[in-house]
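Engineer: Encoded as C-alpha cells, here's the structure I'll be asking about.
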Amino acid sequence: MMIIRKALIRQGHRIAIAPARSWTRALATEVDIASIESSLSNSLRDTKSIELQVQNETIKLVPQIDSRTQSTQNLLEDNTAAKYTQLQQHKKLTNPLGSRIAPHYQPHFLVNDPPRPSDITLELLLASQAHLGHKTSHWNPMNSRYIFGIRQGIHIISLDVTASHLRRACRVVAGVAERGGLVLFVGTRPGQDRCVVKAAQMAGGCHLFERWTPGSITNGHQILGNCRTKVVDEYDREITGYDEELRDRPVLKPDLVVCMNPLENWVMLHECGLNAIPTIGIIDTDANPTWVTYPIPANDDSLRCVQVIAGVLGRAGEEGQKSRREKAMHGNVTYTPSTLATGVSTKGGRTGRSGEDIRGLQ
Amino acid sequence: MTSKLPWGATYRLSTHCPRCLSRLPPRRTLTTPPHKLAIAAPPIDLTSLPPPNPQNARVVPASPSYFTGRPDSTDNYLNLLALLRRYQTLPTVPPAQAPRVAWRTVTQYRLLVGEPVRASKYHKIVEVLQRLNRIHPSVIPLDLSQAMEIYKRDVDPYAVKKKPAIIDEDGRAYGVGRRKSSSAKVYLVQGEGEVLVNGKSINNVFGRIHDRESALWALKATGRMDKYNVWALVTGGGSTGQAEAITLGAAKALMVFEPALKPALRRAGCVTRDPRRVERKKPGHVKARKMPAWVKR
C-alpha cells in the first residue's frame, strides 16, 4: 500500500486528487484479508489507468506551423494592435492620477538630459559617489593634493577640488568647441557608451566606446585612412565637390581628448602627448595625474559619476558650439579655415556622406 | 443634345461632350481665371543663410564614429540600439512565432559596409535585430521595418519553395541520380517490371550481376520489381558509377509514387547521394596517397 501511495505522490497532484478509495474504505470496515486483496488489485488497476492517462497526455504532439506566412497572418488577425491602442489610451487617462512622487534619482535622466556646468554642486558630486577613491594601499602619491582623508580603508577625494577641476575642464571644452575644434570623448568601460555618445553628440565631436586601436594618431593613415571626412562651412553646412582633395589630405586628429578611464587608455594618452593634443581625464586615487593635461580627480569606477562628468562636459561643448554658430551669424569666423583649393571640382564627385550602396542606414 | 442641368451634374452624367468626341477636362475645384493668377515675386527670405563660402571651409569627420576605425558599422549598431530603446515597450511575440528571417552573413555585411568588422560585433548587431524582429507584426512601425530590411539577405532562402515532384499525364515519375562522374535520368511507370537502360536491355549494359542488382536495388529492397517499368538514360563514368546512379534515380522516382517508402529506402541505402569522387594525384606522391619508397640517403 505504501508503495502504491508513493507511486501516486510521484505521479503528481492530479493523480493524488483521484483517491484510492478502496484503501481508506478497507481501513474503515472490518479488516478482511479477501477485501484487502481485492482493494489492492483495485488500487493497482487505478494506478495503471491513471499512469496511462498521464502518458497519453505527455506524448501530445506540438501542432506544427506549416508556413511562416500563415503564422504571420494569424498574428495579424489576433487583435493585438487594437488592444495595444486601448492600453495606450487607458494609460493616457490614468497617468495623471495617483500620488506625486517626490523628486528622486532617475538613472536615465543623467544620460538623456545631463546636468549643465552651472548645475555642478558638491551635493550632486557626493550623490554620484565622486568622492570614493580606492584602497589606501593602491594610491598614487602624486595625487595626494586631491585627497581629503581616509575613511573605512579608502581614500576620500576632496569634492571642492573635484568641482573646481571639473569647472575648469568645462571651460576648456567650451573654448575648444567655440573655436571649431574637434573634441573626442573616450569611455571604453562597459556601460559608458551611452553617456560618451551623448556627450559627443552635444559637443559636435566624436566618440569612442570600444578599444582604442593603437596608432590611430601616430599611424593614422593606416588605421583611419578609409574613414570618410567632409568639408563644411561656418554654418556647419556641407560643401560638396572636394572628394578627390579629401583623399589626398592627411588624416584628422582630435583637438582635445576627454577620457573617462585613463588607466585603460594610457596608449591613447601617450599618443596624444606625442602629438601635442591636450587631454582631460578622470583621475582616481590610483591613477597618474601627469598622464592628462587637465585632471579631474573623481571616482572613475562609478558609472553615475562618469555619466555626470561626461554629461557636464558635453553640455559645455554644446554651449561652445552655440556660441560659435552665433558668432558665425554675425560674420565672425572663430576658426582658421583649412587650406583647400578654392576652385570646386567640376567632376561632381561623391559627397562625404555614406555611399549609395548603404544609403538609408543612417 | 444640350443639357439644361447645372454644370456639375452634366459632368457626372457623362464625360463626353455631346458635340465633340474628346473628353471634358477634369473640373478644378478652386478655379481662378488665368488672368487673375499671382504675378508678384515671392517674399524676401531674411532667415536663410548666404551661399557657402569655400574660404571659410574646414575639414571635419563625416561621422562621429570616425576614431573607431569602423564608422559605418558603429553607426549602424548605434542606430539599431536607438530604435530598440524607442520601441522596447511594444508588444512582442515568442521567438518561435516571429517571422523567420535570414540575416546577412558576416562576410556579406563586411562587403556591404566595406570595413573589417569583427564577427563578434556583427553577432551583437544580429542579436538586436532578432529582438526587434520579435515585435508583434501588427504594431511594428514602418521606419523600423525599413531599417531592418537592409540587414536581410538579398535572396530570402525561406521563401524558396521546392517544386513538388509530380507524376505527369503519361504516368511517369522522374528521378535524377549521380555517382562518381556518372549521371542518370530515370523514369518510372506502373508496369510489369521491364527495364531499359540507354535503350538497351539491362543484361547488355551491365555485364556484372552485382551492377544489375545494385541498379535496381530500390525496387528489389521494397519488393516492387514487378510493379514498375524503368527507363534510364545514363552518361559518364564507368559501370559501377552508372549502376549506382540508376539506384539513386530509381529510388527518387519511386518516392514520387510512394513517399511512405522513404524510411525503408534509407535503410536500404538508396536515398543518400554518395559524395565520394576520385581523389586527385598530388605532387611528391605516386598516386593520391601512395608515396615512393623511403630512401635513407
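Lettering and numbering for the C-alpha cells are positional, with chains as A, B, ... in the shown order, residues counted from 1 in each chain, and ligands counted from 1 in the shown order.
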Taking 4 positions as the minimum chain separation for residues in the same chain, which residues sit within 10 Å of Thr105 in chain B when counting only C-alpha atoms? Answer as an mmCIF file with N, CA and C atoms, in the first residue's frame.
Structural biologist:
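Saved result, around_5.cif, follows:
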```cif
data_model
loop_
_atom_site.group_PDB
_atom_site.id
_atom_site.type_symbol
_atom_site.label_atom_id
_atom_site.label_comp_id
_atom_site.auth_asym_id
_atom_site.auth_seq_id
_atom_site.Cartn_x
_atom_site.Cartn_y
_atom_site.Cartn_z
ATOM 1 N N TYR B 109 28.002 41.279 -44.723
ATOM 2 C CA TYR B 109 27.920 42.577 -44.042
ATOM 3 C C TYR B 109 29.215 43.351 -44.224
ATOM 4 N N ARG B 110 30.328 42.631 -44.165
ATOM 5 C CA ARG B 110 31.621 43.311 -44.367
ATOM 6 C C ARG B 110 31.691 43.920 -45.767
ATOM 7 N N LEU B 111 31.174 43.192 -46.747
ATOM 8 C CA LEU B 111 31.155 43.728 -48.121
ATOM 9 C C LEU B 111 30.248 44.945 -48.210
ATOM 10 N N ALA B 119 33.524 39.585 -36.204
ATOM 11 C CA ALA B 119 32.363 38.685 -36.218
ATOM 12 C C ALA B 119 31.557 38.829 -34.930
ATOM 13 N N TYR B 122 29.368 41.855 -35.157
ATOM 14 C CA TYR B 122 28.209 41.668 -36.023
ATOM 15 C C TYR B 122 27.169 40.782 -35.354
ATOM 16 N N HIS B 123 27.610 39.811 -34.576
ATOM 17 C CA HIS B 123 26.638 38.966 -33.859
ATOM 18 C C HIS B 123 25.844 39.790 -32.861
ATOM 19 N N VAL B 126 23.183 41.376 -34.815
ATOM 20 C CA VAL B 126 22.121 40.410 -35.149
ATOM 21 C C VAL B 126 21.244 40.132 -33.923
ATOM 22 N N TYR B 151 19.418 44.712 -43.453
ATOM 23 C CA TYR B 151 20.238 43.661 -42.872
ATOM 24 C C TYR B 151 19.803 42.274 -43.320
ATOM 25 N N LYS B 152 18.735 42.199 -44.109
ATOM 26 C CA LYS B 152 18.262 40.891 -44.565
ATOM 27 C C LYS B 152 18.996 40.516 -45.841
ATOM 28 N N ARG B 153 19.116 39.216 -46.051
ATOM 29 C CA ARG B 153 19.821 38.767 -47.254
ATOM 30 C C ARG B 153 19.063 39.179 -48.506
#
```
Engineer: List every residue of range 171-219 of chain A that DSSP, applied to the backbone, labels as alpha helix (DSSP H), and write the result as an NGL selection string.
Structural biologist: :A and (171-178 or 193-203)
Engineer: Between CA of Ala81 in chain A and CA of Leu78 in chain B, measure the distance and give it in Å to one decimal.
Structural biologist: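 Taking CA of Ala81 in chain A and CA of Leu78 in chain B, their separation equals 27.8 Å.
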Engineer: What lies within 12 Å of Thr85 in chain A using only C-alpha atoms, ignoring chain neighbours under 6 positions off, as a list in words?
Structural biologist: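 So, after excluding close chain neighbours, the residues are Asn79, Lys91 and Lys92 of chain A; Leu90, Pro91, Ser138 and Val139 of chain B.
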Engineer: What lies within 8 Å of Ser158 in chain A using only C-alpha atoms, ignoring chain neighbours under 3 positions off, as a PyMOL selection string?
Structural biologist: chain A and resi 131+146-148+161-162
Engineer: Would you output that residue set with all heavy atoms, as a CSV table (one decimal), in the first residue's frame?
Structural biologist:
```csv
chain,number,residue,atom,x,y,z
A,131,HIS,N,33.4,61.1,-4.7
A,131,HIS,CA,34.4,61.2,-3.6
A,131,HIS,C,35.1,59.9,-3.2
A,131,HIS,O,36.1,59.9,-2.5
A,131,HIS,CB,33.8,61.8,-2.4
A,131,HIS,CG,32.7,61.0,-1.8
A,131,HIS,ND1,31.5,60.8,-2.5
A,131,HIS,CD2,32.6,60.3,-0.7
A,131,HIS,CE1,30.7,60.0,-1.8
A,131,HIS,NE2,31.4,59.7,-0.7
A,146,TYR,N,44.8,65.9,-4.0
A,146,TYR,CA,43.3,65.9,-4.2
A,146,TYR,C,42.6,65.1,-3.1
A,146,TYR,O,41.4,65.1,-3.1
A,146,TYR,CB,43.0,65.2,-5.6
A,146,TYR,CG,43.8,65.7,-6.8
A,146,TYR,CD1,44.5,64.9,-7.6
A,146,TYR,CD2,43.9,67.1,-7.0
A,146,TYR,CE1,45.2,65.4,-8.7
A,146,TYR,CE2,44.6,67.6,-8.1
A,146,TYR,CZ,45.3,66.7,-8.9
A,146,TYR,OH,46.0,67.2,-10.0
A,147,ILE,N,43.3,64.5,-2.2
A,147,ILE,CA,42.7,63.6,-1.3
A,147,ILE,C,42.3,64.3,0.0
A,147,ILE,O,43.2,65.1,0.5
A,147,ILE,CB,43.6,62.4,-1.0
A,147,ILE,CG1,43.7,61.5,-2.3
A,147,ILE,CG2,43.1,61.6,0.2
A,147,ILE,CD1,44.8,60.5,-2.2
A,148,PHE,N,41.1,64.2,0.4
A,148,PHE,CA,40.6,64.8,1.6
A,148,PHE,C,41.0,64.1,2.9
A,148,PHE,O,41.4,64.7,3.9
A,148,PHE,CB,39.1,64.9,1.6
A,148,PHE,CG,38.4,65.6,2.7
A,148,PHE,CD1,38.6,67.0,2.8
A,148,PHE,CD2,37.7,64.9,3.7
A,148,PHE,CE1,38.0,67.7,3.9
A,148,PHE,CE2,37.1,65.6,4.7
A,148,PHE,CZ,37.2,66.9,4.8
A,161,VAL,N,37.7,70.3,-4.6
A,161,VAL,CA,38.8,70.2,-5.6
A,161,VAL,C,38.2,69.6,-6.9
A,161,VAL,O,38.5,70.1,-8.0
A,161,VAL,CB,40.0,69.3,-5.1
A,161,VAL,CG1,41.0,69.2,-6.1
A,161,VAL,CG2,40.5,70.0,-3.8
A,162,THR,N,37.4,68.6,-6.8
A,162,THR,CA,36.8,68.0,-7.9
A,162,THR,C,36.0,69.0,-8.7
A,162,THR,O,36.1,69.1,-9.9
A,162,THR,CB,35.9,66.8,-7.5
A,162,THR,OG1,36.7,65.9,-6.7
A,162,THR,CG2,35.3,66.1,-8.6
```
Engineer: Set the distance at 9 Å and use only C-alpha atoms: which residues neighbour range 201-214 of chain B once local chain neighbours fewer than 4 positions away are removed? I'd like the list as a PDB file with N, CA and C atoms, in the first residue's frame.
Structural biologist:
```pdb
ATOM      1  N   GLU B 194       9.659  -4.261 -66.669  1.00  0.00           N
ATOM      2  CA  GLU B 194      10.643  -4.147 -67.756  1.00  0.00           C
ATOM      3  C   GLU B 194      11.626  -3.045 -67.426  1.00  0.00           C
ATOM      4  N   VAL B 195      12.864  -3.275 -67.860  1.00  0.00           N
ATOM      5  CA  VAL B 195      13.928  -2.294 -67.588  1.00  0.00           C
ATOM      6  C   VAL B 195      14.686  -2.040 -68.881  1.00  0.00           C
ATOM      7  N   LEU B 196      14.843  -0.762 -69.222  1.00  0.00           N
ATOM      8  CA  LEU B 196      15.663  -0.392 -70.375  1.00  0.00           C
ATOM      9  C   LEU B 196      16.641   0.681 -69.953  1.00  0.00           C
ATOM     10  N   VAL B 197      17.936   0.453 -70.239  1.00  0.00           N
ATOM     11  CA  VAL B 197      18.989   1.423 -69.898  1.00  0.00           C
ATOM     12  C   VAL B 197      19.627   1.886 -71.198  1.00  0.00           C
ATOM     13  N   ALA B 218      16.623  -0.334 -55.369  1.00  0.00           N
ATOM     14  CA  ALA B 218      15.495   0.383 -54.764  1.00  0.00           C
ATOM     15  C   ALA B 218      14.208  -0.426 -54.915  1.00  0.00           C
ATOM     16  N   LYS B 220      14.099  -3.725 -55.641  1.00  0.00           N
ATOM     17  CA  LYS B 220      14.254  -5.063 -55.056  1.00  0.00           C
ATOM     18  C   LYS B 220      14.055  -5.019 -53.545  1.00  0.00           C
ATOM     19  N   SER B 239      31.053   1.412 -65.199  1.00  0.00           N
ATOM     20  CA  SER B 239      29.876   0.563 -64.953  1.00  0.00           C
ATOM     21  C   SER B 239      29.325   0.746 -63.545  1.00  0.00           C
ATOM     22  N   THR B 240      30.241   0.770 -62.563  1.00  0.00           N
ATOM     23  CA  THR B 240      29.767   0.881 -61.175  1.00  0.00           C
ATOM     24  C   THR B 240      29.083   2.231 -60.957  1.00  0.00           C
ATOM     25  N   GLN B 242      27.660   4.168 -63.113  1.00  0.00           N
ATOM     26  CA  GLN B 242      26.373   4.254 -63.813  1.00  0.00           C
ATOM     27  C   GLN B 242      25.309   3.452 -63.066  1.00  0.00           C
ATOM     28  N   ALA B 243      25.700   2.268 -62.588  1.00  0.00           N
ATOM     29  CA  ALA B 243      24.729   1.430 -61.871  1.00  0.00           C
ATOM     30  C   ALA B 243      24.242   2.131 -60.610  1.00  0.00           C
ATOM     31  N   GLU B 244      25.177   2.685 -59.857  1.00  0.00           N
ATOM     32  CA  GLU B 244      24.791   3.345 -58.597  1.00  0.00           C
ATOM     33  C   GLU B 244      23.988   4.614 -58.875  1.00  0.00           C
ATOM     34  N   ILE B 246      21.872   4.930 -61.300  1.00  0.00           N
ATOM     35  CA  ILE B 246      20.500   4.469 -61.562  1.00  0.00           C
ATOM     36  C   ILE B 246      19.797   4.132 -60.243  1.00  0.00           C
ATOM     37  N   THR B 247      20.570   3.582 -59.285  1.00  0.00           N
ATOM     38  CA  THR B 247      19.979   3.257 -57.972  1.00  0.00           C
ATOM     39  C   THR B 247      19.297   4.488 -57.397  1.00  0.00           C
TER      40      THR B 247
END
```
